[in-house]
Amino acid sequence: MPWRYFINFINSFFVLFLLISLSSVSFAAEPTPTSGYMKVTAFAVEGNKHVATEDILSAVPFRIGSIITPNDVQESLKSIYALGYFSDVKAKTKPFEDGVELIFEVTENPILEGILIQGNSVIPTDKILSIMNLPTGKIFNYNEMDKALKRVEDYYASQGYTAARIMDASLSPSGHLLVTIAEGKIQAIKILGNHKTVEHVIRRELTVKPGDIFNYNKVKADINRLYDMNIFSDVGVMFEPGTKPGEIFLDIDVKEKKTGSVTFGAGYSTAYSAIGMISLSDNNMFGRAQTMSIGLQFGAKQSYYSISFYDPNFNDHNMSFAVNLYNYRTYGLLIGGYTTDEKTAGFNMSLGFPIFDKYTRQTITPGYERVHLSTTGTVNPSDQYDRPNGSYRSLTYTLSRDTRDQTRDPRQGYFASASISQTNGFLGGSSLYSFEKVIAEFRDYIPLDKSKEHVFAGRLIGGTSIIPSGKIMPVYYQYYVGGQGTVRGITDNKYYGRYFAVGNFEYRFPFIRGTRGAVFTDIGDAWGGNSAWPDFKLHAGVGVGIMLNTPFGPVRIDGAYSSNHFKGYFGMGNPF
């Protein structure tokens with residue numbers, strides 16, 4: 001019996017000792033931020049003067065009564081810092097009730113006293129400040145600054161300055177914000193990929209120069225000019241960081257295409273029937289973008305021989321020079337109301353140079369021509385004087401303005417020109433056949449979508465003649481309407497006279513891959529010639545067309561309908 005009491009006593013003592021030990025652990029542990037889990041029983045904020053405590057605590061991702069870890073505390077510090085009002089945020093704890101009071105110590109940003117912009121040249125400082133729209137006199141916020149700087153970069157990009165960047169933005173203790181902008185100055189331009197073309201020929205087409213601020217819109221216009229030279233199949237543009245901070249290298253990478261060709265061809269025209277063609281040409285002679293061509297065209301109703309030379313930048317003085325010698329014959333063509341054979345030989349030379357700005361040019365073109373007509377049938381005596389054979393001297397002055405993005409297939413911009421020409425008169429030649437012609441033309445290209453794939457194209461052209469008293473204007477120098485260049489669908493040269501007016505309107509759109517389609521309508525008339533149609537009367541044609549990209553350039557095929565007649569046309573590029 002005594003042993004049984006002794007064992008019970010030992011067991012009771014051990015249980016009591018274990019309870020006391022467990023109780024001692026439970027009450028002795030005091031929660032701290034580093035001891036693992038802790039219970040938040042209160043919040044406090046220290047150091048804030050302008051930002052409300054409630055706004056700061058609203059960023060804390062837990063509430064009173066939450067059991068948290070040191071990682072939770074770190075996340076709350078990040079959330080408060082993300083408000084953007086503070087340069088530093090810390091946390092500490094102290095015992096409170098059955099947990100801890102979590103105290104946030106914040107260091108507020110200074111009041112924004114002013115903003116200084118440096119590095120800008122193409123966008124005025126006042127404009128940049130208005131875009132930033134950061135009010136002074138209020139506590140500085142980094143989040144608002146980031147949004148403001150993003151707006152500035154976006155504005156630069158919208159103006160074409162896609163290489164512009166914010167290099168630095170620093171806030172001084174006194175509350176002054178210094179923003180440094182690198183607008184993307186071009187340190188150097190490198191020409192790549194040219195083998196035949198002289199590098200200088202490419203550079204003279206570029207309006208952007210080293211030292212300029214990179215502007216995508218200007219560079220794109222330069223690319224279109226390079227394409228218009230018709231000696232490159234592809235032109236690529238890249239930029240890379242320069243050796244100086246904030247500057248870039250601009251790389252122009254061209255891919256030359258074959259520019260010399262010998263072409264044999266055949267075709268059919270409703271005006272000239274079957275025709276054959278032979279041509280020798282090079283539009284990049286000696287790598288200087290000069291064009292030389294020799295052409296021969298022959299058929300049942302037409303033969304044509306020509307030699308031409310063109311230099312778009314004669315002697316590197318931004319002056320164009322062209323000369324053209326030709327000899328052609330047409331058989332059975334409707335000229336002035338009579339079926340006629342015509343023989344014409346002559347030459348012309350033109351000099352063109354810019355005036356006022358890069359978009360506006362003036363051109364002077366002297367010419368000489370000999371004409372001989374053979375008319376089938378009897379000519380009305382009253383028309384006989386209008387159909388002389390002889391030689392003519394001419395001088396034409398043209399003023400034009402061209403803002404089109406490209407000339408091969410314009411998607412935007414306009415072309416306007418006005419010309420006046422004198423034939424004979426003070427130039428010599430026959431004193432009886434002396435006259436002046438005045439022609440005005442306007443073309444407009446309106447993109448219908450952002451990609452500029454859908455385009456409305458329109459042309460208005462008209463002319464008048466000035467014939468001194470007692471003088472005569474030969475019928476073959478009068479204006480003709482009908483056919484591919486005027487009103488499609490009408491018999492070629494059906495209407496003629498001393499005056500003319502034509503309107504062409506097209507909707508151009510992407511068609512099958514590599515082609516573009518068109519739907520068009522043409523209206524116009526020529527009047528004041530033969531007594532059969534002395535008065536103005538509009539004639540119209542409608543049709544569809546397709547343009548194909550070929551190794552020899554864009555080829556356009558049209559079909560037009562007018563007055564119960566359908567006619568087909570074939571040509572190089574768009575008609576206008």
# chains A, B, ... in the order shown; residues from 1 in each chain; ligands from 1
>>> residues_around(residues="stretch 185-200 of chain A", least_positions_apart="5", cutoff="9 Å", atoms="only C-alpha atoms", output="ChimeraX atom specification")
/A:163-164,205,208-214,231,239,242-244,246-256,284-289
>>> write_last_selection(atoms="N, CA, C and O atoms", output="tab-separated table (two decimals), in the first residue's frame")
chain	number	residue	atom	x	y	z
A	163	ALA	N	11.81	59.09	-81.30
A	163	ALA	CA	13.03	58.72	-80.59
A	163	ALA	C	13.22	59.54	-79.32
A	163	ALA	O	14.19	59.32	-78.59
A	164	ALA	N	12.34	60.47	-79.03
A	164	ALA	CA	12.47	61.33	-77.85
A	164	ALA	C	12.21	60.53	-76.57
A	164	ALA	O	11.30	59.70	-76.52
A	205	GLU	N	18.67	63.43	-101.56
A	205	GLU	CA	17.21	63.30	-101.48
A	205	GLU	C	16.70	63.41	-100.05
A	205	GLU	O	15.49	63.51	-99.83
A	208	VAL	N	16.39	65.26	-93.91
A	208	VAL	CA	16.94	65.17	-92.56
A	208	VAL	C	18.46	65.13	-92.65
A	208	VAL	O	19.03	64.48	-93.54
A	209	LYS	N	19.11	65.83	-91.75
A	209	LYS	CA	20.56	65.93	-91.75
A	209	LYS	C	21.10	65.64	-90.35
A	209	LYS	O	20.36	65.74	-89.36
A	210	PRO	N	22.39	65.27	-90.23
A	210	PRO	CA	23.00	65.15	-88.90
A	210	PRO	C	22.85	66.45	-88.13
A	210	PRO	O	23.04	67.53	-88.66
A	211	GLY	N	22.49	66.31	-86.87
A	211	GLY	CA	22.22	67.48	-86.04
A	211	GLY	C	20.74	67.79	-85.91
A	211	GLY	O	20.33	68.50	-85.00
A	212	ASP	N	19.91	67.23	-86.84
A	212	ASP	CA	18.46	67.40	-86.74
A	212	ASP	C	17.90	66.48	-85.66
A	212	ASP	O	18.51	65.48	-85.30
A	213	ILE	N	16.73	66.84	-85.18
A	213	ILE	CA	16.00	65.95	-84.29
A	213	ILE	C	15.24	64.93	-85.14
A	213	ILE	O	14.57	65.29	-86.10
A	214	PHE	N	15.38	63.65	-84.80
A	214	PHE	CA	14.73	62.60	-85.57
A	214	PHE	C	13.22	62.79	-85.55
A	214	PHE	O	12.60	62.91	-84.50
A	231	ILE	N	14.65	53.47	-108.45
A	231	ILE	CA	15.88	52.67	-108.57
A	231	ILE	C	16.06	51.74	-107.37
A	231	ILE	O	17.02	50.98	-107.33
A	239	PHE	N	17.20	53.11	-86.33
A	239	PHE	CA	18.07	53.99	-85.55
A	239	PHE	C	18.57	53.24	-84.33
A	239	PHE	O	17.90	52.36	-83.80
A	242	GLY	N	23.58	56.48	-80.24
A	242	GLY	CA	24.84	57.06	-80.68
A	242	GLY	C	25.89	56.94	-79.60
A	242	GLY	O	25.67	56.37	-78.52
A	243	THR	N	27.04	57.50	-79.89
A	243	THR	CA	28.13	57.46	-78.91
A	243	THR	C	27.99	58.56	-77.87
A	243	THR	O	28.69	58.54	-76.86
A	244	LYS	N	27.08	59.50	-78.12
A	244	LYS	CA	26.82	60.56	-77.16
A	244	LYS	C	25.46	60.34	-76.51
A	244	LYS	O	24.52	59.88	-77.18
A	246	GLY	N	21.80	60.41	-75.43
A	246	GLY	CA	20.60	61.03	-75.99
A	246	GLY	C	20.63	61.21	-77.50
A	246	GLY	O	19.66	61.70	-78.07
A	247	GLU	N	21.71	60.82	-78.19
A	247	GLU	CA	21.80	60.96	-79.63
A	247	GLU	C	21.71	59.59	-80.29
A	247	GLU	O	21.92	58.55	-79.65
A	248	ILE	N	21.39	59.59	-81.59
A	248	ILE	CA	21.16	58.33	-82.30
A	248	ILE	C	21.91	58.31	-83.63
A	248	ILE	O	22.24	59.35	-84.19
A	249	PHE	N	22.16	57.10	-84.12
A	249	PHE	CA	22.63	56.88	-85.48
A	249	PHE	C	21.42	56.50	-86.32
A	249	PHE	O	20.66	55.60	-85.95
A	250	LEU	N	21.23	57.17	-87.46
A	250	LEU	CA	20.15	56.85	-88.38
A	250	LEU	C	20.72	56.06	-89.56
A	250	LEU	O	21.61	56.54	-90.26
A	251	ASP	N	20.19	54.85	-89.75
A	251	ASP	CA	20.65	53.98	-90.84
A	251	ASP	C	19.61	53.93	-91.95
A	251	ASP	O	18.45	53.60	-91.71
A	252	ILE	N	20.02	54.27	-93.17
A	252	ILE	CA	19.17	54.16	-94.35
A	252	ILE	C	19.69	52.97	-95.16
A	252	ILE	O	20.78	53.02	-95.71
A	253	ASP	N	18.89	51.92	-95.20
A	253	ASP	CA	19.31	50.68	-95.85
A	253	ASP	C	18.49	50.50	-97.13
A	253	ASP	O	17.28	50.29	-97.08
A	254	VAL	N	19.15	50.61	-98.29
A	254	VAL	CA	18.45	50.52	-99.57
A	254	VAL	C	18.74	49.18	-100.24
A	254	VAL	O	19.81	48.58	-100.04
A	255	LYS	N	17.80	48.75	-101.03
A	255	LYS	CA	17.98	47.56	-101.86
A	255	LYS	C	17.77	47.98	-103.31
A	255	LYS	O	16.65	48.33	-103.70
A	256	GLU	N	18.85	47.97	-104.07
A	256	GLU	CA	18.78	48.43	-105.45
A	256	GLU	C	18.08	47.38	-106.33
A	256	GLU	O	18.19	46.18	-106.10
A	284	ASN	N	19.15	54.67	-113.95
A	284	ASN	CA	20.17	54.97	-112.93
A	284	ASN	C	21.56	54.96	-113.61
A	284	ASN	O	22.48	54.26	-113.19
A	285	MET	N	21.66	55.77	-114.65
A	285	MET	CA	22.91	55.82	-115.41
A	285	MET	C	24.06	56.29	-114.52
A	285	MET	O	23.93	57.29	-113.79
A	286	PHE	N	25.16	55.56	-114.57
A	286	PHE	CA	26.37	55.88	-113.83
A	286	PHE	C	26.10	56.01	-112.32
A	286	PHE	O	26.86	56.64	-111.60
A	287	GLY	N	25.00	55.41	-111.87
A	287	GLY	CA	24.67	55.46	-110.44
A	287	GLY	C	24.23	56.83	-109.96
A	287	GLY	O	24.21	57.09	-108.74
A	288	ARG	N	23.77	57.72	-110.86
A	288	ARG	CA	23.41	59.08	-110.49
A	288	ARG	C	21.92	59.36	-110.69
A	288	ARG	O	21.50	60.52	-110.75
A	289	ALA	N	21.11	58.33	-110.83
A	289	ALA	CA	19.65	58.44	-110.96
A	289	ALA	C	19.24	59.19	-112.22
A	289	ALA	O	18.12	59.69	-112.29
>>> select_by_dssp(residues="stretch 401-469 of chain A", states="strand (DSSP E or B)", output="ChimeraX atom specification")
/A:401-402,413-423,435-447,455-466
>>> write_last_selection(atoms="N, CA, C and O atoms", output="compact mmCIF listing (two decimals), in the first residue's frame")
# COMPACT_ATOMS: atom_id res chain seq x y z
N ARG A 401 2.96 73.04 -107.58
CA ARG A 401 3.16 72.76 -106.15
C ARG A 401 2.72 71.34 -105.89
O ARG A 401 1.58 70.94 -106.24
N ASP A 402 3.60 70.56 -105.25
CA ASP A 402 3.36 69.13 -105.08
C ASP A 402 3.62 68.74 -103.62
O ASP A 402 4.75 68.76 -103.16
N GLY A 413 -2.13 64.18 -99.93
CA GLY A 413 -1.52 65.38 -100.47
C GLY A 413 -2.22 65.85 -101.73
O GLY A 413 -3.24 65.29 -102.16
N TYR A 414 -1.64 66.88 -102.35
CA TYR A 414 -2.25 67.42 -103.57
C TYR A 414 -1.17 67.87 -104.54
O TYR A 414 0.00 68.06 -104.18
N PHE A 415 -1.57 68.04 -105.79
CA PHE A 415 -0.70 68.57 -106.84
C PHE A 415 -1.49 69.64 -107.58
O PHE A 415 -2.63 69.41 -108.01
N ALA A 416 -0.90 70.81 -107.73
CA ALA A 416 -1.55 71.91 -108.44
C ALA A 416 -0.54 72.52 -109.40
O ALA A 416 0.64 72.66 -109.07
N SER A 417 -1.00 72.86 -110.59
CA SER A 417 -0.10 73.49 -111.56
C SER A 417 -0.88 74.44 -112.45
O SER A 417 -2.09 74.29 -112.67
N ALA A 418 -0.15 75.41 -112.98
CA ALA A 418 -0.69 76.35 -113.95
C ALA A 418 0.41 76.61 -114.96
O ALA A 418 1.57 76.81 -114.60
N SER A 419 0.06 76.59 -116.23
CA SER A 419 1.05 76.82 -117.27
C SER A 419 0.51 77.75 -118.34
O SER A 419 -0.70 77.81 -118.59
N ILE A 420 1.42 78.46 -118.96
CA ILE A 420 1.10 79.33 -120.09
C ILE A 420 2.15 79.09 -121.16
O ILE A 420 3.34 79.02 -120.86
N SER A 421 1.70 78.92 -122.39
CA SER A 421 2.64 78.63 -123.47
C SER A 421 2.37 79.56 -124.64
O SER A 421 1.22 79.92 -124.92
N GLN A 422 3.44 79.92 -125.29
CA GLN A 422 3.38 80.75 -126.50
C GLN A 422 3.90 79.93 -127.68
O GLN A 422 4.96 79.32 -127.59
N THR A 423 3.13 79.91 -128.75
CA THR A 423 3.55 79.24 -129.97
C THR A 423 3.69 80.28 -131.08
O THR A 423 2.74 81.05 -131.33
N PHE A 435 -0.54 81.72 -131.27
CA PHE A 435 -1.55 81.60 -130.23
C PHE A 435 -0.89 81.32 -128.89
O PHE A 435 0.30 81.00 -128.82
N GLU A 436 -1.68 81.43 -127.83
CA GLU A 436 -1.24 81.10 -126.48
C GLU A 436 -2.24 80.12 -125.86
O GLU A 436 -3.44 80.17 -126.19
N LYS A 437 -1.73 79.26 -124.98
CA LYS A 437 -2.59 78.32 -124.27
C LYS A 437 -2.34 78.44 -122.78
O LYS A 437 -1.19 78.56 -122.34
N VAL A 438 -3.40 78.39 -122.00
CA VAL A 438 -3.32 78.44 -120.54
C VAL A 438 -4.04 77.22 -119.99
O VAL A 438 -5.20 76.96 -120.33
N ILE A 439 -3.33 76.46 -119.15
CA ILE A 439 -3.90 75.23 -118.57
C ILE A 439 -3.71 75.25 -117.06
O ILE A 439 -2.63 75.60 -116.56
N ALA A 440 -4.74 74.89 -116.33
CA ALA A 440 -4.68 74.77 -114.87
C ALA A 440 -5.14 73.37 -114.48
O ALA A 440 -6.07 72.82 -115.08
N GLU A 441 -4.47 72.81 -113.47
CA GLU A 441 -4.79 71.46 -113.03
C GLU A 441 -4.68 71.36 -111.51
O GLU A 441 -3.79 71.98 -110.91
N PHE A 442 -5.59 70.58 -110.92
CA PHE A 442 -5.54 70.33 -109.48
C PHE A 442 -5.89 68.87 -109.23
O PHE A 442 -6.91 68.37 -109.72
N ARG A 443 -5.01 68.18 -108.47
CA ARG A 443 -5.25 66.79 -108.07
C ARG A 443 -5.21 66.72 -106.55
O ARG A 443 -4.35 67.34 -105.92
N ASP A 444 -6.12 65.95 -106.00
CA ASP A 444 -6.18 65.80 -104.54
C ASP A 444 -6.34 64.33 -104.19
O ASP A 444 -7.07 63.59 -104.88
N TYR A 445 -5.65 63.93 -103.10
CA TYR A 445 -5.68 62.53 -102.66
C TYR A 445 -6.04 62.51 -101.18
O TYR A 445 -5.29 63.03 -100.35
N ILE A 446 -7.18 61.93 -100.86
CA ILE A 446 -7.72 61.95 -99.51
C ILE A 446 -7.78 60.54 -98.97
O ILE A 446 -8.54 59.70 -99.47
N PRO A 447 -6.97 60.21 -97.93
CA PRO A 447 -7.07 58.86 -97.34
C PRO A 447 -8.37 58.70 -96.60
O PRO A 447 -8.82 59.61 -95.88
N VAL A 455 -8.36 55.21 -100.68
CA VAL A 455 -8.06 56.59 -101.04
C VAL A 455 -9.08 57.10 -102.05
O VAL A 455 -9.44 56.39 -103.00
N PHE A 456 -9.53 58.34 -101.83
CA PHE A 456 -10.31 59.03 -102.86
C PHE A 456 -9.36 59.94 -103.63
O PHE A 456 -8.65 60.76 -103.04
N ALA A 457 -9.32 59.77 -104.94
CA ALA A 457 -8.44 60.57 -105.79
C ALA A 457 -9.29 61.36 -106.78
O ALA A 457 -10.20 60.81 -107.42
N GLY A 458 -9.00 62.64 -106.89
CA GLY A 458 -9.76 63.48 -107.80
C GLY A 458 -8.85 64.41 -108.59
O GLY A 458 -7.79 64.82 -108.12
N ARG A 459 -9.25 64.70 -109.81
CA ARG A 459 -8.50 65.63 -110.65
C ARG A 459 -9.45 66.54 -111.39
O ARG A 459 -10.46 66.09 -111.95
N LEU A 460 -9.14 67.83 -111.40
CA LEU A 460 -9.83 68.82 -112.22
C LEU A 460 -8.79 69.49 -113.10
O LEU A 460 -7.75 69.95 -112.62
N ILE A 461 -9.06 69.53 -114.40
CA ILE A 461 -8.12 70.15 -115.33
C ILE A 461 -8.91 70.87 -116.41
O ILE A 461 -9.96 70.38 -116.87
N GLY A 462 -8.42 72.01 -116.80
CA GLY A 462 -9.10 72.78 -117.83
C GLY A 462 -8.13 73.72 -118.51
O GLY A 462 -7.06 74.03 -118.00
N GLY A 463 -8.51 74.16 -119.71
CA GLY A 463 -7.63 75.05 -120.45
C GLY A 463 -8.40 75.99 -121.36
O GLY A 463 -9.55 75.72 -121.73
N THR A 464 -7.75 77.06 -121.71
CA THR A 464 -8.32 78.03 -122.64
C THR A 464 -7.25 78.44 -123.62
O THR A 464 -6.05 78.19 -123.41
N SER A 465 -7.64 79.06 -124.71
CA SER A 465 -6.71 79.52 -125.74
C SER A 465 -6.87 81.01 -125.94
O SER A 465 -7.98 81.55 -125.85
N ILE A 466 -5.77 81.66 -126.22
CA ILE A 466 -5.77 83.09 -126.52
C ILE A 466 -5.24 83.25 -127.94
O ILE A 466 -4.06 82.97 -128.21
>>> atom_distance(atom1="atom CA of A:Asn318", atom2="atom CA of A:Lys358")
9.6 Å
>>> select_by_dssp(residues="stretch 301-504 of chain A", states="helix (DSSP H, G or I)", output="list in words")
Pro381, Ser382, Asp383, Gln384, Gly425, Phe426, Leu427, Val475, Tyr476 and Tyr477 of chain A
>>> residues_around(residues="A:Asn141", least_positions_apart="3", cutoff="7 Å", atoms="only C-alpha atoms", output="ChimeraX atom specification")
/A:84-85,144-145
>>> write_last_selection(atoms="N, CA, C and O atoms", output="PDB file, in the first residue's frame")
ATOM      1  N   GLY A  84       3.029  57.422 -53.532  1.00  0.00           N
ATOM      2  CA  GLY A  84       3.797  58.415 -54.263  1.00  0.00           C
ATOM      3  C   GLY A  84       4.130  59.672 -53.507  1.00  0.00           C
ATOM      4  O   GLY A  84       4.829  60.545 -54.042  1.00  0.00           O
ATOM      5  N   TYR A  85       3.681  59.804 -52.256  1.00  0.00           N
ATOM      6  CA  TYR A  85       3.880  61.037 -51.500  1.00  0.00           C
ATOM      7  C   TYR A  85       5.138  61.018 -50.633  1.00  0.00           C
ATOM      8  O   TYR A  85       5.459  62.035 -50.010  1.00  0.00           O
ATOM      9  N   GLU A 144       2.069  60.925 -59.963  1.00  0.00           N
ATOM     10  CA  GLU A 144       1.602  61.961 -60.880  1.00  0.00           C
ATOM     11  C   GLU A 144       2.723  62.402 -61.810  1.00  0.00           C
ATOM     12  O   GLU A 144       2.487  62.722 -62.983  1.00  0.00           O
ATOM     13  N   MET A 145       3.957  62.406 -61.277  1.00  0.00           N
ATOM     14  CA  MET A 145       5.087  62.770 -62.126  1.00  0.00           C
ATOM     15  C   MET A 145       5.265  61.747 -63.246  1.00  0.00           C
ATOM     16  O   MET A 145       5.481  62.113 -64.411  1.00  0.00           O
TER      17      MET A 145
END
>>> closest_atom_pairs(of="stretch 165-257 of chain A", to="stretch 109-123 of chain A", cutoff="7 Å", atoms="only C-alpha atoms", output="JSON lines")
{"residue": "A:Pro173", "atom": "CA", "partner": "A:Pro110", "partner_atom": "CA", "distance": 6.6}
{"residue": "A:Ser174", "atom": "CA", "partner": "A:Pro110", "partner_atom": "CA", "distance": 6.8}
{"residue": "A:Gly175", "atom": "CA", "partner": "A:Leu112", "partner_atom": "CA", "distance": 4.7}
{"residue": "A:His176", "atom": "CA", "partner": "A:Gly114", "partner_atom": "CA", "distance": 4.9}
{"residue": "A:Leu177", "atom": "CA", "partner": "A:Ile115", "partner_atom": "CA", "distance": 4.7}
{"residue": "A:Leu178", "atom": "CA", "partner": "A:Leu116", "partner_atom": "CA", "distance": 4.9}
{"residue": "A:Val179", "atom": "CA", "partner": "A:Ile117", "partner_atom": "CA", "distance": 5.0}
{"residue": "A:Thr180", "atom": "CA", "partner": "A:Gln118", "partner_atom": "CA", "distance": 5.0}
{"residue": "A:Ile181", "atom": "CA", "partner": "A:Gly119", "partner_atom": "CA", "distance": 4.9}
{"residue": "A:Ala182", "atom": "CA", "partner": "A:Gly119", "partner_atom": "CA", "distance": 6.0}
{"residue": "A:Glu183", "atom": "CA", "partner": "A:Asn120", "partner_atom": "CA", "distance": 6.6}
>>> write_last_selection(atoms="N, CA and C atoms", output="JSON list (two decimals), in the first residue's frame")
[["chain", "number", "residue", "atom", "x", "y", "z"],
["A", 173, "PRO", "N", 15.72, 68.76, -52.55],
["A", 173, "PRO", "CA", 15.11, 68.91, -51.23],
["A", 173, "PRO", "C", 14.28, 70.18, -51.10],
["A", 174, "SER", "N", 14.59, 71.18, -51.92],
["A", 174, "SER", "CA", 13.84, 72.43, -51.85],
["A", 174, "SER", "C", 12.53, 72.37, -52.62],
["A", 175, "GLY", "N", 12.27, 71.24, -53.32],
["A", 175, "GLY", "CA", 11.00, 71.08, -54.02],
["A", 175, "GLY", "C", 11.02, 71.51, -55.47],
["A", 176, "HIS", "N", 12.18, 71.54, -56.11],
["A", 176, "HIS", "CA", 12.28, 71.90, -57.51],
["A", 176, "HIS", "C", 12.55, 70.64, -58.33],
["A", 177, "LEU", "N", 11.71, 70.42, -59.35],
["A", 177, "LEU", "CA", 11.81, 69.23, -60.19],
["A", 177, "LEU", "C", 12.58, 69.58, -61.46],
["A", 178, "LEU", "N", 13.65, 68.83, -61.72],
["A", 178, "LEU", "CA", 14.45, 69.03, -62.93],
["A", 178, "LEU", "C", 14.20, 67.85, -63.87],
["A", 179, "VAL", "N", 13.67, 68.17, -65.07],
["A", 179, "VAL", "CA", 13.36, 67.15, -66.08],
["A", 179, "VAL", "C", 14.31, 67.33, -67.26],
["A", 180, "THR", "N", 15.04, 66.26, -67.58],
["A", 180, "THR", "CA", 15.98, 66.29, -68.70],
["A", 180, "THR", "C", 15.44, 65.44, -69.84],
["A", 181, "ILE", "N", 15.31, 66.06, -71.03],
["A", 181, "ILE", "CA", 14.74, 65.40, -72.20],
["A", 181, "ILE", "C", 15.82, 65.19, -73.25],
["A", 182, "ALA", "N", 15.87, 63.99, -73.81],
["A", 182, "ALA", "CA", 16.71, 63.72, -74.97],
["A", 182, "ALA", "C", 15.77, 63.55, -76.17],
["A", 183, "GLU", "N", 15.77, 64.52, -77.06],
["A", 183, "GLU", "CA", 14.78, 64.53, -78.14],
["A", 183, "GLU", "C", 15.14, 63.60, -79.29]]
>>> residues_around(residues="stretch 514-519 of chain A", least_positions_apart="5", cutoff="10 Å", atoms="only C-alpha atoms", output="number ranges by chain")
A: 409, 453-457, 505-509, 542-550, 554-560, 574
